[in-house]
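Coordinates from data.pdb are shown below (PDB, C-alpha atoms).
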ATOM      1  CA  MET A1298      99.448  99.777 102.391
ATOM      2  CA  SER A1299     102.924  98.267 102.648
ATOM      3  CA  TYR A1300     104.434 100.317 105.492
ATOM      4  CA  ILE A1301     104.276 100.253 109.267
ATOM      5  CA  GLN A1302     106.276 102.039 111.916
ATOM      6  CA  ILE A1303     107.057 100.267 115.180
ATOM      7  CA  ASN A1304     109.356 100.700 118.145
ATOM      8  CA  ILE A1305     112.124  98.154 117.716
ATOM      9  CA  GLY A1306     115.784  98.298 118.608
ATOM     10  CA  GLY A1307     115.180 101.214 120.963
ATOM     11  CA  LYS A1308     113.641 103.575 118.422
ATOM     12  CA  GLU A1309     110.824 104.077 115.954
ATOM     13  CA  ARG A1310     111.656 102.304 112.712
ATOM     14  CA  GLY A1311     109.741 101.716 109.527
ATOM     15  CA  LEU A1312     109.114  98.384 107.865
ATOM     16  CA  LYS A1313     108.363  98.552 104.141
ATOM     17  CA  PHE A1314     107.181  95.390 102.427
ATOM     18  CA  ASN A1315     108.342  96.028  98.870
ATOM     19  CA  GLN A1316     109.946  93.666  96.337
ATOM     20  CA  LEU A1317     113.314  93.848  98.098
ATOM     21  CA  ALA A1318     111.723  92.976 101.435
ATOM     22  CA  ILE A1319     109.959  89.947  99.936
ATOM     23  CA  GLU A1320     113.224  88.725  98.369
ATOM     24  CA  ILE A1321     115.088  89.115 101.672
ATOM     25  CA  ILE A1322     112.341  87.272 103.525
ATOM     26  CA  GLY A1323     112.758  84.407 101.061
ATOM     27  CA  THR A1324     116.511  84.199 101.582
ATOM     28  CA  HIS A1325     116.394  84.410 105.386
ATOM     29  CA  ASN A1326     113.421  82.111 106.053
ATOM     30  CA  ASP A1327     114.369  78.450 106.503
ATOM     31  CA  SER A1328     110.708  77.383 105.975
ATOM     32  CA  GLU A1329     110.942  75.063 108.958
ATOM     33  CA  THR A1330     109.858  77.251 111.872
ATOM     34  CA  THR A1331     107.542  80.147 112.538
ATOM     35  CA  SER A1332     110.369  81.911 114.357
ATOM     36  CA  SER A1333     112.609  81.938 111.296
ATOM     37  CA  PHE A1334     109.799  83.456 109.261
ATOM     38  CA  MET A1335     109.187  86.158 111.888
ATOM     39  CA  TYR A1336     112.877  87.087 112.038
ATOM     40  CA  ALA A1337     113.037  87.179 108.232
ATOM     41  CA  MET A1338     109.859  89.259 108.012
ATOM     42  CA  TYR A1339     111.118  91.953 110.369
ATOM     43  CA  TYR A1340     114.568  92.034 108.816
ATOM     44  CA  GLY A1341     113.145  92.145 105.292
ATOM     45  CA  GLY A1342     110.748  94.946 106.190
ATOM     46  CA  LEU A1343     113.496  96.979 107.830
ATOM     47  CA  ARG A1344     115.830  96.481 104.860
ATOM     48  CA  GLY A1345     113.071  97.343 102.376
ATOM     49  CA  ASN A1346     112.467 100.586 104.245
ATOM     50  CA  SER A1347     116.158 101.453 104.571
ATOM     51  CA  TYR A1348     116.618 100.894 100.851
ATOM     52  CA  VAL A1349     113.802 103.139  99.640
ATOM     53  CA  LYS A1350     114.807 105.879 102.048
ATOM     54  CA  ARG A1351     118.440 105.518 100.898
ATOM     55  CA  GLU A1352     119.584 105.030 104.491
ATOM     56  CA  ASP A1353     122.434 102.782 105.529
ATOM     57  CA  PRO A1354     121.089 100.015 107.776
ATOM     58  CA  ASP A1355     122.195 100.523 111.389
ATOM     59  CA  TYR A1356     121.397  96.906 112.278
ATOM     60  CA  THR A1357     122.383  93.367 111.432
ATOM     61  CA  PHE A1358     120.212  90.295 111.010
ATOM     62  CA  GLU A1359     121.476  89.079 114.374
ATOM     63  CA  GLN A1360     120.452  92.322 116.073
ATOM     64  CA  VAL A1361     117.000  92.225 114.495
ATOM     65  CA  CYS A1362     116.492  88.664 115.774
ATOM     66  CA  GLU A1363     117.367  89.847 119.270
ATOM     67  CA  TRP A1364     115.019  92.829 118.954
ATOM     68  CA  VAL A1365     112.162  90.595 117.813
ATOM     69  CA  ASP A1366     112.722  88.305 120.793
ATOM     70  CA  ASN A1367     112.525  91.319 123.121
ATOM     71  CA  LEU A1368     109.586  93.194 121.559
ATOM     72  CA  HIS A1369     107.235  94.849 124.020
ATOM     73  CA  ASP A1370     103.656  93.614 123.490
ATOM     74  CA  LYS A1371     105.055  91.080 121.019
ATOM     75  CA  ALA A1372     101.795  89.328 120.084
ATOM     76  CA  ASN A1373     100.072  92.594 119.208
ATOM     77  CA  VAL A1374     103.047  93.976 117.262
ATOM     78  CA  ASN A1375     103.460  90.688 115.362
ATOM     79  CA  GLU A1376      99.780  90.743 114.434
ATOM     80  CA  GLN A1377     100.019  94.317 113.113
ATOM     81  CA  VAL A1378     103.190  93.648 111.109
ATOM     82  CA  VAL A1379     101.842  90.419 109.589
ATOM     83  CA  LYS A1380      98.616  92.223 108.660
ATOM     84  CA  VAL A1381     100.482  94.990 106.822
ATOM     85  CA  MET A1382     102.704  92.523 104.980
ATOM     86  CA  SER A1383      99.835  90.214 104.022
ATOM     87  CA  GLU A1384      97.803  93.129 102.633
ATOM     88  CA  THR A1385     100.478  94.152 100.118
ATOM     89  CA  ASN A1386      99.809  93.281  96.497
ATOM     90  CA  LEU A1387     103.267  91.712  96.186
ATOM     91  CA  TRP A1388     102.540  89.273  99.006
ATOM     92  CA  LYS A1389      99.031  88.501  97.724
ATOM     93  CA  ASP A1390     100.435  87.764  94.269
ATOM     94  CA  LEU A1391     103.118  85.510  95.750
ATOM     95  CA  ILE A1392     100.561  83.554  97.783
ATOM     96  CA  LYS A1393      98.232  83.278  94.774
ATOM     97  CA  GLU A1394     101.070  82.001  92.604
ATOM     98  CA  GLY A1395     102.055  79.418  95.213
ATOM     99  CA  THR A1396      98.466  78.257  95.631
ATOM    100  CA  GLU A1397      98.021  77.909  91.867
ATOM    101  CA  LYS A1398     101.205  75.826  91.588
ATOM    102  CA  LEU A1399     100.082  73.585  94.443
ATOM    103  CA  ASP A1400      96.664  73.125  92.805
ATOM    104  CA  GLU A1401      98.321  72.191  89.503
ATOM    105  CA  LYS A1402     100.531  69.676  91.290
ATOM    106  CA  LYS A1403      97.523  68.119  93.033
ATOM    107  CA  LYS A1404      95.632  67.844  89.739
ATOM    108  CA  ALA A1405      98.594  66.217  88.014
ATOM    109  CA  GLN A1406      99.025  63.719  90.840
ATOM    110  CA  LYS A1407      95.313  62.958  90.889
ATOM    111  CA  LYS A1408      95.414  62.211  87.156
ATOM    112  CA  SER A1409      98.409  59.910  87.611
ATOM    113  CA  GLY A1410      96.866  58.217  90.640
ATOM    114  CA  THR A1411      99.625  59.145  93.095
ATOM    115  CA  LYS A1412      99.058  60.743  96.475
ATOM    116  CA  ILE A1413     100.668  63.887  97.839
TER     117      ILE A1413
END

Please express the file's structure as structure tokens.
Amino acid sequence: MSYIQINIGGKERGLKFNQLAIEIIGTHNDSETTSSFMYAMYYGGLRGNSYVKREDPDYTFEQVCEWVDNLHDKANVNEQVVKVMSETNLWKDLIKEGTEKLDEKKKAQKKSGTKI
């Protein structure tokens, strides 16, 4: 499952974690804070959904950040959204690929005697 519907921005909206969503998450996440990842995740999911439904987005990244900050029952909603995203095959493949690259890097450094 790669879709969830939540109340955000004053109405029910869908988040679709497809290839476009994953790409947008990558471009909007600064990799330094959890908050930047959360903002990117919601924005990416909203954009992925808008795209497949051929709807013009009625939101900006800035608005989505504000909506995320003001979510009702934020911890529970975050948990549900993260669960949906992390269960998509695209996300699993991305994580697997990253883990494999990290393992290869560790093996290469171990062979050369350097530490990570």

Q | Ground truth for the PyMOL selection byres ((chain A and resi 1326) around 12), written as a ChimeraX atom specification | A | /A:1318-1325,1327-1341,1358

Requested write-out: C-alpha atoms of the selected residues, as an mmCIF file, in the frame of the given file:
data_model
loop_
_atom_site.group_PDB
_atom_site.id
_atom_site.type_symbol
_atom_site.label_atom_id
_atom_site.label_comp_id
_atom_site.auth_asym_id
_atom_site.auth_seq_id
_atom_site.Cartn_x
_atom_site.Cartn_y
_atom_site.Cartn_z
ATOM 1 C CA ALA A 1318 111.723 92.976 101.435
ATOM 2 C CA ILE A 1319 109.959 89.947 99.936
ATOM 3 C CA GLU A 1320 113.224 88.725 98.369
ATOM 4 C CA ILE A 1321 115.088 89.115 101.672
ATOM 5 C CA ILE A 1322 112.341 87.272 103.525
ATOM 6 C CA GLY A 1323 112.758 84.407 101.061
ATOM 7 C CA THR A 1324 116.511 84.199 101.582
ATOM 8 C CA HIS A 1325 116.394 84.410 105.386
ATOM 9 C CA ASP A 1327 114.369 78.450 106.503
ATOM 10 C CA SER A 1328 110.708 77.383 105.975
ATOM 11 C CA GLU A 1329 110.942 75.063 108.958
ATOM 12 C CA THR A 1330 109.858 77.251 111.872
ATOM 13 C CA THR A 1331 107.542 80.147 112.538
ATOM 14 C CA SER A 1332 110.369 81.911 114.357
ATOM 15 C CA SER A 1333 112.609 81.938 111.296
ATOM 16 C CA PHE A 1334 109.799 83.456 109.261
ATOM 17 C CA MET A 1335 109.187 86.158 111.888
ATOM 18 C CA TYR A 1336 112.877 87.087 112.038
ATOM 19 C CA ALA A 1337 113.037 87.179 108.232
ATOM 20 C CA MET A 1338 109.859 89.259 108.012
ATOM 21 C CA TYR A 1339 111.118 91.953 110.369
ATOM 22 C CA TYR A 1340 114.568 92.034 108.816
ATOM 23 C CA GLY A 1341 113.145 92.145 105.292
ATOM 24 C CA PHE A 1358 120.212 90.295 111.010
#

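Distance-wise, CA of Val1361 (chain A) and CA of Ile1392 (chain A) end up 25.0 Å apart.
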
*asked:* Could you tell me, as a VMD selection string, exactly which residues end up selected when the PyMOL selection byres ((chain A and resi 1299-1316) around 7) is applied to this structure?
replied: chain A and resid 1298 1317 to 1320 1342 to 1343 1345 to 1346 1364 1368 1378 1381 to 1382 1385 1387

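CA of Gln1377 (chain A) sits 23.1 Å away from CA of Asp1355 (chain A).
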
As a check of understanding: the span from CA of Asp1366 (chain A) to CA of Val1379 (chain A) is 15.8 Å
